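So this block is upload_35.txt, compact mmCIF, C-alpha atoms:
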# COMPACT_ATOMS: atom_id res chain seq x y z
CA MET J 205 0.00 0.00 0.00
CA SER J 206 1.26 3.49 -0.84
CA ALA J 207 2.59 5.39 2.14
CA TRP J 208 0.50 8.42 1.30
CA VAL J 209 -2.88 6.63 1.25
CA LEU J 210 -5.01 8.01 4.06
CA PRO J 211 -7.04 5.86 6.51
CA ASP J 212 -10.61 4.99 5.55
CA HIS J 213 -13.06 7.88 5.90
CA ILE J 214 -10.24 10.39 6.46
CA ALA J 215 -9.63 12.87 3.65
CA ASP J 216 -7.64 15.93 2.68
CA VAL J 217 -9.67 19.09 2.10
CA LEU J 218 -8.70 20.74 -1.17
CA PRO J 219 -8.84 24.48 -1.98
CA SER J 220 -12.40 24.88 -3.25
CA GLU J 221 -13.98 22.92 -0.39
CA ALA J 222 -11.58 24.41 2.16
CA ARG J 223 -12.58 27.92 1.10
CA HIS J 224 -16.25 27.05 1.44
CA ILE J 225 -15.70 25.44 4.86
CA GLU J 226 -13.77 28.45 6.14
CA GLU J 227 -16.41 30.91 4.90
CA LEU J 228 -19.09 28.88 6.68
CA ARG J 229 -17.03 28.61 9.85
CA ARG J 230 -16.60 32.37 10.03
CA GLY J 231 -20.28 32.95 9.33
CA LEU J 232 -21.40 30.47 12.00
CA LEU J 233 -19.14 31.98 14.65
CA ASP J 234 -20.32 35.48 13.76
CA THR J 235 -23.95 34.37 14.04
CA ALA J 236 -23.30 32.82 17.48
CA ARG J 237 -21.51 35.97 18.61
CA SER J 238 -24.47 38.09 17.47
CA TYR J 239 -26.60 36.11 19.97
CA GLY J 240 -24.09 36.78 22.77
CA TYR J 241 -22.15 33.48 22.71
CA GLU J 242 -18.51 33.53 23.77
CA LEU J 243 -15.97 31.40 21.91
CA VAL J 244 -14.00 28.70 23.76
CA MET J 245 -11.30 26.42 22.34
CA PRO J 246 -11.00 23.09 24.22
CA PRO J 247 -7.94 20.90 23.56
CA LEU J 248 -8.02 18.10 21.00
CA LEU J 249 -7.06 15.46 23.59
CA GLU J 250 -7.67 15.07 27.33
CA HIS J 251 -7.48 12.46 30.05
CA LEU J 252 -9.96 9.79 29.04
CA GLU J 253 -12.07 9.92 32.20
CA SER J 254 -12.64 13.64 31.72
CA LEU J 255 -13.80 13.15 28.12
CA LEU J 256 -16.13 10.23 28.82
CA THR J 257 -17.54 10.69 32.32
CA GLY J 258 -21.31 10.80 32.17
CA THR J 259 -21.57 10.50 28.38
CA GLY J 260 -22.62 6.86 27.92
CA GLU J 261 -21.21 3.90 26.03
CA ALA J 262 -21.77 5.30 22.53
CA LEU J 263 -19.19 8.08 22.94
CA ASP J 264 -16.71 5.64 24.51
CA LEU J 265 -16.89 3.46 21.39
CA GLN J 266 -16.33 6.52 19.17
CA THR J 267 -13.22 7.71 21.05
CA PHE J 268 -9.61 6.96 20.01
CA LYS J 269 -7.43 6.15 23.02
CA LEU J 270 -3.66 6.46 23.51
CA VAL J 271 -1.14 6.51 26.34
CA ASP J 272 0.44 9.78 27.47
CA GLN J 273 4.21 9.36 27.27
CA LEU J 274 4.67 11.95 30.04
CA SER J 275 2.28 10.65 32.70
CA GLY J 276 1.45 7.10 31.61
CA ARG J 277 -2.27 7.91 31.83
CA THR J 278 -4.76 7.09 29.09
CA LEU J 279 -5.73 10.00 26.87
CA GLY J 280 -8.58 10.31 24.43
CA LEU J 281 -8.95 12.21 21.18
CA ARG J 282 -12.24 14.06 21.56
CA ALA J 283 -15.18 12.61 19.66
CA ASP J 284 -17.52 15.38 20.88
CA SER J 285 -16.73 18.81 22.32
CA THR J 286 -19.79 19.11 24.59
CA PRO J 287 -18.26 17.22 27.58
CA GLN J 288 -15.25 19.53 27.35
CA VAL J 289 -17.40 22.65 27.42
CA ALA J 290 -19.31 21.10 30.35
CA ARG J 291 -15.94 20.90 32.16
CA ILE J 292 -14.97 24.47 31.25
CA ASP J 293 -18.23 25.95 32.58
CA PRO J 294 -17.91 24.78 36.22
CA HIS J 295 -14.12 24.44 36.56
CA LEU J 296 -12.69 27.41 34.67
CA LEU J 297 -15.51 29.96 34.34
CA ASN J 298 -17.52 29.08 37.47
CA ARG J 299 -20.06 31.82 36.82
CA GLN J 300 -23.18 32.19 38.91
CA GLY J 301 -25.47 33.34 36.10
CA VAL J 302 -26.03 32.26 32.53
CA ALA J 303 -23.05 31.31 30.37
CA ARG J 304 -23.43 31.24 26.59
CA LEU J 305 -20.52 29.39 24.97
CA SER J 306 -19.69 28.42 21.38
CA TYR J 307 -16.90 26.33 19.90
CA CYS J 308 -15.62 25.12 16.56
CA GLY J 309 -12.93 22.52 15.95
CA PRO J 310 -12.18 19.04 14.64
CA VAL J 311 -13.32 15.89 16.44
CA VAL J 312 -12.23 12.35 15.61
CA HIS J 313 -14.39 9.21 15.47
CA THR J 314 -13.24 5.59 15.55
CA ARG J 315 -16.05 4.58 13.19
CA ILE J 316 -18.69 6.14 10.96
CA ASP J 317 -22.35 6.19 11.93
CA ARG J 318 -23.72 6.41 8.37
CA PRO J 319 -22.44 5.78 4.83
CA LEU J 320 -19.96 8.28 3.36
CA ALA J 321 -19.52 10.11 6.69
CA SER J 322 -16.12 11.46 7.71
CA ARG J 323 -14.29 10.20 10.78
CA GLU J 324 -12.90 13.72 11.25
CA PRO J 325 -15.88 16.08 11.43
CA LEU J 326 -15.41 19.80 11.95
CA GLN J 327 -17.82 20.34 14.82
CA PHE J 328 -19.48 23.68 15.50
CA GLY J 329 -21.75 24.09 18.48
CA ALA J 330 -23.32 26.49 20.95
CA GLU J 331 -24.56 25.91 24.50
CA ILE J 332 -26.36 27.75 27.29
CA TYR J 333 -25.54 26.92 30.91
CA GLY J 334 -27.47 28.10 33.95
CA HIS J 335 -31.09 28.41 32.78
CA ALA J 336 -33.57 25.56 33.14
CA GLY J 337 -36.53 27.26 31.46
CA LEU J 338 -37.95 26.74 28.01
CA GLU J 339 -36.60 30.14 26.98
CA ALA J 340 -33.11 28.64 26.69
CA ASP J 341 -34.44 25.67 24.69
CA LEU J 342 -36.14 28.03 22.25
CA GLU J 343 -33.08 30.28 21.92
CA VAL J 344 -30.89 27.31 21.00
CA ILE J 345 -33.40 26.17 18.36
CA GLU J 346 -33.60 29.70 16.96
CA LEU J 347 -29.79 30.04 16.90
CA ALA J 348 -29.38 26.69 15.14
CA SER J 349 -31.98 27.77 12.56
CA ALA J 350 -30.27 31.15 12.07
CA CYS J 351 -26.90 29.44 11.57
CA LEU J 352 -28.29 27.12 8.90
CA ARG J 353 -30.17 29.87 7.11
CA GLY J 354 -27.02 31.98 7.13
CA ALA J 355 -25.26 29.06 5.45
CA GLY J 356 -27.88 29.04 2.71
CA VAL J 357 -30.15 26.26 3.98
CA GLU J 358 -33.85 27.00 3.56
CA GLN J 359 -37.19 25.28 4.30
CA LEU J 360 -36.05 23.76 7.57
CA LEU J 361 -37.94 20.98 9.33
CA LEU J 362 -37.71 20.90 13.13
CA ASP J 363 -38.08 17.37 14.50
CA MET J 364 -38.55 17.07 18.28
CA ALA J 365 -38.85 14.45 20.99
CA ASP J 366 -38.39 14.36 24.76
CA VAL J 367 -36.66 11.56 26.66
CA ARG J 368 -38.84 12.28 29.72
CA ILE J 369 -41.74 10.67 27.86
CA ILE J 370 -39.91 7.33 27.73
CA ASP J 371 -38.95 7.75 31.39
CA ALA J 372 -42.57 8.47 32.34
CA VAL J 373 -43.82 5.35 30.53
CA LEU J 374 -41.25 3.13 32.28
CA ALA J 375 -41.44 4.85 35.68
CA PRO J 376 -44.05 2.46 37.22
CA VAL J 377 -41.75 -0.58 36.90
CA PRO J 378 -38.19 -1.24 38.14
CA LEU J 379 -36.04 -2.49 35.25
CA SER J 380 -32.44 -3.58 35.03
CA ALA J 381 -30.07 -1.46 32.95
CA ALA J 382 -29.71 -4.30 30.43
CA ARG J 383 -33.43 -4.68 29.91
CA THR J 384 -33.95 -0.94 29.68
CA ALA J 385 -31.27 -0.82 26.98
CA GLN J 386 -33.08 -3.56 25.04
CA ILE J 387 -36.34 -1.61 25.21
CA HIS J 388 -34.58 1.55 24.07
CA ALA J 389 -33.03 -0.30 21.13
CA ALA J 390 -36.43 -1.69 20.07
CA LEU J 391 -38.01 1.75 20.34
CA ALA J 392 -35.24 3.32 18.28
CA ILE J 393 -36.05 1.05 15.31
CA LYS J 394 -39.80 1.04 16.05
CA ASP J 395 -39.88 -2.74 16.43
CA VAL J 396 -43.35 -3.28 17.94
CA ALA J 397 -43.04 -7.09 17.90
CA GLU J 398 -39.84 -6.91 19.95
CA LEU J 399 -41.45 -4.44 22.35
CA GLN J 400 -44.36 -6.81 22.87
CA LEU J 401 -41.90 -9.58 23.67
CA LEU J 402 -39.83 -7.45 26.03
CA SER J 403 -42.88 -6.14 27.91
CA ARG J 404 -44.89 -9.36 28.15
CA ASP J 405 -44.44 -9.58 31.95
CA LEU J 406 -44.90 -5.87 32.62
CA PRO J 407 -48.19 -4.27 33.72
CA ALA J 408 -50.67 -4.07 30.86
CA SER J 409 -50.67 -0.25 30.86
CA VAL J 410 -46.88 -0.08 30.53
CA SER J 411 -46.82 -2.69 27.75
CA ARG J 412 -49.61 -0.88 25.91
CA ASP J 413 -47.84 2.48 26.13
CA LEU J 414 -44.50 1.05 24.98
CA CYS J 415 -46.14 -0.49 21.92
CA ALA J 416 -48.00 2.75 21.19
CA LEU J 417 -44.90 4.97 21.20
CA PRO J 418 -43.56 3.86 17.75
CA ARG J 419 -46.86 5.01 16.19
CA LEU J 420 -46.72 8.44 17.80
CA PHE J 421 -44.92 10.40 15.12
CA GLY J 422 -46.03 13.02 12.62
CA GLY J 423 -47.30 16.58 13.02
CA VAL J 424 -47.96 18.54 16.20
CA ASP J 425 -51.32 16.76 16.60
CA VAL J 426 -49.29 13.75 17.77
CA LEU J 427 -49.00 15.49 21.14
CA ASP J 428 -52.79 15.49 21.60
CA GLU J 429 -52.90 11.85 20.54
CA ALA J 430 -50.24 11.04 23.15
CA ARG J 431 -52.33 12.68 25.88
CA ARG J 432 -55.27 10.46 24.92
CA THR J 433 -53.24 7.28 24.47
CA LEU J 434 -50.55 7.18 27.15
CA GLN J 435 -51.05 6.66 30.88
CA ALA J 436 -51.34 10.13 32.41
CA SER J 437 -48.68 11.37 34.83
CA PRO J 438 -47.27 14.79 35.82
CA GLU J 439 -43.94 13.94 34.17
CA LEU J 440 -45.58 12.92 30.91
CA HIS J 441 -47.75 16.02 30.67
CA ALA J 442 -44.86 18.32 31.57
CA ALA J 443 -42.87 16.91 28.65
CA LEU J 444 -45.81 17.12 26.24
CA ASP J 445 -46.55 20.70 27.35
CA SER J 446 -42.92 21.68 26.74
CA LEU J 447 -42.94 20.24 23.23
CA ALA J 448 -46.26 21.93 22.45
CA TRP J 449 -44.96 25.33 23.58
CA LEU J 450 -41.71 24.99 21.60
CA ALA J 451 -43.62 23.87 18.49
CA GLU J 452 -45.90 26.90 18.76
CA GLN J 453 -43.01 29.33 19.24
CA ALA J 454 -40.76 27.90 16.51
CA ARG J 455 -42.08 30.29 13.89
CA GLY J 456 -40.95 29.84 10.31
CA LEU J 457 -40.18 26.16 10.86
CA GLU J 458 -42.15 23.12 9.83
CA VAL J 459 -42.47 20.94 12.95
CA SER J 460 -42.63 17.18 13.31
CA ILE J 461 -42.80 15.05 16.46
CA ASP J 462 -41.43 11.54 17.03
CA LEU J 463 -42.00 10.37 20.59
CA ALA J 464 -40.05 7.13 20.12
CA ASP J 465 -36.90 8.85 18.86
CA LEU J 466 -34.10 7.87 21.23
CA ARG J 467 -31.00 9.18 19.49
CA GLY J 468 -28.60 10.29 22.20
CA TYR J 469 -30.85 8.95 24.96
CA ALA J 470 -27.95 8.42 27.38
CA TYR J 471 -26.92 12.01 26.80
CA TYR J 472 -30.13 14.04 26.95
CA THR J 473 -32.37 14.66 29.94
CA GLY J 474 -35.28 16.46 28.25
CA MET J 475 -36.13 17.94 24.89
CA ARG J 476 -34.17 16.67 21.88
CA PHE J 477 -34.33 18.21 18.42
CA ALA J 478 -32.90 17.92 14.94
CA LEU J 479 -33.09 20.26 11.96
CA PHE J 480 -33.59 18.74 8.52
CA ALA J 481 -33.68 20.22 5.02
CA GLN J 482 -33.39 19.03 1.45
CA GLY J 483 -29.83 18.51 0.24
CA THR J 484 -28.49 19.15 -3.25
CA ASP J 485 -29.40 15.58 -4.25
CA GLY J 486 -33.04 16.08 -3.24
CA GLU J 487 -32.77 13.84 -0.16
CA SER J 488 -33.67 15.00 3.35
CA VAL J 489 -30.50 15.73 5.35
CA GLU J 490 -30.06 16.21 9.10
CA PHE J 491 -27.96 19.37 9.39
CA ALA J 492 -27.96 19.97 13.17
CA ARG J 493 -29.01 18.24 16.35
CA GLY J 494 -29.23 19.22 19.98
CA GLY J 495 -31.30 19.25 23.12
CA ARG J 496 -31.22 19.55 26.91
CA TYR J 497 -28.58 17.70 28.93
CA ASP J 498 -28.85 19.04 32.48
CA GLU J 499 -26.77 16.27 34.07
CA VAL J 500 -23.70 16.68 31.86
CA GLY J 501 -21.85 18.93 34.33
CA ALA J 502 -22.68 16.94 37.50
CA VAL J 503 -19.55 14.79 37.26
CA PHE J 504 -17.44 17.95 37.29
CA GLY J 505 -18.89 19.04 40.62
CA ARG J 506 -21.52 21.50 39.44
CA ASN J 507 -24.85 20.27 38.11
CA ARG J 508 -26.06 23.18 35.98
CA PRO J 509 -28.97 23.28 33.53
CA ALA J 510 -27.59 22.97 29.99
CA VAL J 511 -28.98 23.01 26.47
CA GLY J 512 -27.22 23.26 23.13
CA PHE J 513 -26.72 21.98 19.61
CA SER J 514 -23.94 21.02 17.22
CA LEU J 515 -23.36 20.41 13.53
CA ASP J 516 -20.61 19.16 11.24
CA ILE J 517 -19.41 21.92 8.90
CA LYS J 518 -17.85 19.38 6.50
CA GLU J 519 -21.15 17.59 6.15
CA LEU J 520 -22.97 20.89 5.77
CA VAL J 521 -20.63 21.94 2.92
CA SER J 522 -21.18 18.65 1.09
CA ALA J 523 -24.96 19.06 1.15
CA ILE J 524 -25.39 22.68 0.04
CA ALA J 525 -24.63 24.52 -3.18
CA PRO J 526 -21.09 25.94 -3.43
CA ARG J 527 -20.71 29.66 -2.94
CA PRO J 528 -19.54 31.87 -5.82
CA LEU J 529 -15.94 32.96 -5.90
CA VAL J 530 -15.16 36.33 -4.36
CA ALA J 531 -14.02 38.98 -6.83
CA ALA J 532 -10.26 39.51 -6.97
CA ILE J 533 -7.68 41.62 -8.78
CA ARG J 534 -4.95 40.24 -11.03
CA ALA J 535 -1.64 42.05 -11.03
CA PRO J 536 1.67 41.47 -12.81
CA TRP J 537 4.72 40.43 -10.85
CA GLY J 538 7.40 43.11 -10.72
CA MET J 539 9.81 45.05 -8.53
CA ASP J 540 8.60 48.46 -9.66
CA VAL J 541 8.17 50.55 -6.50
CA GLU J 542 4.89 52.15 -7.64
CA LEU J 543 3.46 48.74 -8.60
CA ARG J 544 4.30 47.25 -5.22
CA GLU J 545 2.86 50.28 -3.42
CA ALA J 546 -0.36 50.03 -5.47
CA ILE J 547 -0.69 46.33 -4.62
CA ALA J 548 -0.04 46.96 -0.92
CA SER J 549 -2.62 49.75 -0.87
CA LEU J 550 -5.29 47.57 -2.50
CA ARG J 551 -4.64 44.73 -0.03
CA ALA J 552 -4.81 47.18 2.89
CA GLN J 553 -8.26 48.20 1.63
CA GLY J 554 -9.41 44.58 1.88
CA HIS J 555 -9.05 43.55 -1.78
CA THR J 556 -7.59 40.21 -2.85
CA VAL J 557 -4.70 40.83 -5.25
CA VAL J 558 -3.19 37.83 -7.04
CA CYS J 559 0.23 38.44 -8.55
CA ALA J 560 0.73 36.36 -11.70
CA LEU J 561 4.24 34.97 -11.64
CA PRO J 562 6.14 35.09 -14.96
CA GLY J 563 4.91 32.35 -17.31
CA HIS J 564 1.84 31.57 -15.16
CA GLU J 565 -0.53 34.41 -16.04
CA HIS J 566 -3.75 32.38 -16.03
CA GLU J 567 -3.26 29.90 -13.15
CA VAL J 568 -5.75 31.34 -10.66
CA ASP J 569 -8.48 28.73 -10.16
CA GLU J 570 -9.86 29.74 -6.76
CA PHE J 571 -10.19 33.48 -7.40
CA HIS J 572 -12.55 35.27 -9.74
CA CYS J 573 -10.26 37.96 -11.15
CA ASP J 574 -12.70 40.46 -12.66
CA ARG J 575 -10.19 43.35 -12.62
CA GLU J 576 -6.51 43.73 -13.33
CA LEU J 577 -3.88 46.22 -12.30
CA VAL J 578 -2.37 47.83 -15.42
CA GLN J 579 0.09 50.63 -16.07
CA VAL J 580 -1.19 53.52 -18.19
CA PRO J 581 1.70 55.20 -20.06
CA ALA J 582 -0.55 58.07 -21.17
CA GLN J 583 -1.09 58.98 -17.53
CA GLY J 584 2.56 59.02 -16.61
CA GLY J 585 2.87 55.32 -15.89
CA VAL J 586 0.27 55.31 -13.09
CA TRP J 587 -0.98 51.87 -12.04
CA THR J 588 -4.77 51.69 -12.25
CA LEU J 589 -7.57 49.13 -12.19
CA LYS J 590 -9.16 47.91 -15.41
CA ASN J 591 -12.20 45.65 -15.72
CA ILE J 592 -11.52 42.30 -17.37

Using the file provided, produce a representation of the structure as structure tokens.
Amino acid sequence: MSAWVLPDHIADVLPSEARHIEELRRGLLDTARSYGYELVMPPLLEHLESLLTGTGEALDLQTFKLVDQLSGRTLGLRADSTPQVARIDPHLLNRQGVARLSYCGPVVHTRIDRPLASREPLQFGAEIYGHAGLEADLEVIELASACLRGAGVEQLLLDMADVRIIDAVLAPVPLSAARTAQIHAALAIKDVAELQLLSRDLPASVSRDLCALPRLFGGVDVLDEARRTLQASPELHAALDSLAWLAEQARGLEVSIDLADLRGYAYYTGMRFALFAQGTDGESVEFARGGRYDEVGAVFGRNRPAVGFSLDIKELVSAIAPRPLVAAIRAPWGMDVELREAIASLRAQGHTVVCALPGHEHEVDEFHCDRELVQVPAQGGVWTLKNI
């Protein structure tokens, strides 16, 4: 095998895509800042227990592990930045009020979770710590929507669920962790036959509700159907009320509900959402996901309310139309003092000036040179711009 062949699902990013990624990254960070989010930059690797504490088995399986040659301790390459931000909030910031934090950086996965995915996503995210109310949930949904619209994604579909509904259904019966995991797995793939088998010795009301959950998906009217179908409890109605309020307030978004959706169940403690839109191939694409994870900071000594979202900029770039090239200026290469001063002045004004090296006048693929810097002998040799 050639030495320069990269590992599976790891790829170089070439100029055109890299330009698009960087433009999106800057736009996303600017959008987050306009909402009052402060940028943090966690390290790429940490002690493994810090990265994985309280995150569940799924993230453990996604994390590359290595031994620190200085301390002998096991380190992990981050597979998700949220646990790191959850550590920063209580340990380094330790604020009493609300903290709005954003981040953007590469994460590394041991395996892919869907065909053609990268094992080195460029993760962007934003999180609110310190507010347990629905206002924070709504702000995060609105920010995620604003970020995607700013990237050029339109006609967004907001899909929501709430893990408290599953908890409320199972609350009347004590279950082992293994059996609960089996039920969650069956719910995730909407396998009613398996749910019937797993709940055959449970109370009839619990079995009935478990088997009803896979059918409770669709529009907002699903919430009313759930009130009629599922065994009533304060926890259940609190979750349904929260989803109903968020659906009503999420203006400009089409809303769908899936009460059996358990993606990230071990991670979330309340509302979970995803934003979908049509990709360039006409297929529906999940562009961002997030939700409430109030317990994520408990292992770091400070259990603060938390809600946030994240997205993969590389995946976003691959699913949206490329942006047009930014206009640039072509200039000849030369040591003429006036030429070099003219080029420096244009660059100081914010223009992109590409100097064509001798013999390579037309090799500018990633810049749309619509003007060129030319010398006008009739005007005393002044360098001036001319439209191409």

Report task. Do a neighbour search on Leu252 in chain J at 7 Å with only C-alpha atoms, toss out local chain neighbours closer than 6 positions, and write the hits as an MDAnalysis selection string. Result -> chainID J and resid 278:280

Requested in this report: Find the distance between CA of Pro378 in chain J and CA of Ser403 in chain J and write it in Å to one decimal.
Outcome: 12.3 Å

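Using all atoms listed in the file, the protein and nucleic acid residues lying no more than 9 Å from range 478-490 of chain J, apart from those fewer than 4 places from it along its own chain, are Ile345, Ala348, Ser349, Leu352, Val357, Glu358, Gln359, Leu360, Leu361, Leu362, Asp363, Met364, Gly494, Gly495, Phe513, Ser522, Ala523, Ile524 and Ala525 of chain J.
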
Requested in this report: Determine, counting only C-alpha atoms, which protein, DNA and RNA residues have an atom within 6 Å of an atom of Ala392 in chain J; residues of the same chain fewer than 2 positions away are not included. Present the result as a list in words.
Outcome: Ala389, Ala390, Lys394, Asp465 and Leu466 of chain J

Query raised in the report: Could you name the residues that touch range 210-225 of chain J at 10 Å or less, counting only C-alpha atoms, but leaving out those on the same chain fewer than 2 positions away, as a PyMOL selection string?
Result: chain J and resi 206-208+227-231+312-316+319-326+517-522+525-529+569-571

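When only C-alpha atoms are used to measure the gap to Asp413 in chain J, the shortest distance among J:Ile393, J:Ala442, J:Ala560, J:Ala372 belongs to J:Ala372.
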
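Distance-wise, CA of Arg404 in chain J and CA of Ile461 in chain J end up 27.1 Å apart.
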
Report task. Rank J:Ile387, J:Leu263, J:Leu338, J:Val500 by their smallest atom-to-atom distance to Asp445 in chain J, using all atoms listed in the file, and report the top residue only. Result -> J:Leu338

Query raised in the report: Nearest to Thr433 in chain J among J:Thr473, J:Asp272, J:Val373, J:Arg467, with distances taken over all atoms listed in the file: which residue is it?
Result: J:Val373

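Take CA of Leu281 in chain J and CA of Phe268 in chain J: the distance between them is 5.4 Å.
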
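Residue nearest Glu242 in chain J, chosen from J:Glu429, J:Asp284, J:Glu343, J:Glu331 and counting only C-alpha atoms: J:Glu331.
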
Report task. Identify which of the residues J:Gln453, J:Gly584, J:Ile370, J:Thr235 lies closest to Cys415 in chain J, counting only C-alpha atoms when measuring atom-to-atom distances. Result -> J:Ile370

Query raised in the report: Which one of J:Asp371, J:Glu542, J:Asp574, J:Glu226 sits closest to Lys590 in chain J if you count all atoms listed in the file?
Result: J:Asp574

Write out as a tab-separated table a residue-level contact list of range 427-540 of chain J versus range 575-578 of chain J with cut-off 8 Å: for each qualifying residue the closest pair of atoms and the distance in Å to one decimal, counting only C-alpha atoms, rows sorted by chain and residue number upward.
residue	atom	partner	partner_atom	distance
J:Ala532	CA	J:Arg575	CA	6.8
J:Ile533	CA	J:Arg575	CA	4.9
J:Arg534	CA	J:Glu576	CA	4.5
J:Ala535	CA	J:Leu577	CA	4.9
J:Pro536	CA	J:Leu577	CA	7.3

Grab the residues selected above and save them as an mmCIF file, keeping the file's coordinate frame with C-alpha atoms.
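File written: result-v7.cif
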data_model
loop_
_atom_site.group_PDB
_atom_site.id
_atom_site.type_symbol
_atom_site.label_atom_id
_atom_site.label_comp_id
_atom_site.auth_asym_id
_atom_site.auth_seq_id
_atom_site.Cartn_x
_atom_site.Cartn_y
_atom_site.Cartn_z
ATOM 1 C CA ALA J 532 -10.260 39.510 -6.970
ATOM 2 C CA ILE J 533 -7.680 41.620 -8.780
ATOM 3 C CA ARG J 534 -4.950 40.240 -11.030
ATOM 4 C CA ALA J 535 -1.640 42.050 -11.030
ATOM 5 C CA PRO J 536 1.670 41.470 -12.810
#

Report task. Would you list the residues near (4.1, 50.5, -8.4), meaning any protein, DNA or RNA residue with an atom at most 12 Å from that point in file coordinates, counting only C-alpha atoms, as a list in words? Result -> Ala535, Pro536, Trp537, Gly538, Met539, Asp540, Val541, Glu542, Leu543, Arg544, Glu545, Ala546, Ile547, Ala548, Ser549, Leu550, Leu577, Val578, Gln579, Val580, Gly584, Gly585, Val586, Trp587 and Thr588 of chain J

Query raised in the report: Any idea what's packed within 10 Å of Ser409 in chain J, counting only C-alpha atoms, ignoring anything in its chain fewer than 5 positions away? Could you give it as a PyMOL selection string?
Result: chain J and resi 373+376+414+434-435

Deliver the residues from the most recent selection as a file, using C-alpha atoms, as a PDB file, keeping the file's coordinate frame.
ATOM      1  CA  VAL J 373     -43.820   5.350  30.530  1.00  0.00           C
ATOM      2  CA  PRO J 376     -44.050   2.460  37.220  1.00  0.00           C
ATOM      3  CA  LEU J 414     -44.500   1.050  24.980  1.00  0.00           C
ATOM      4  CA  LEU J 434     -50.550   7.180  27.150  1.00  0.00           C
ATOM      5  CA  GLN J 435     -51.050   6.660  30.880  1.00  0.00           C
TER       6      GLN J 435
END
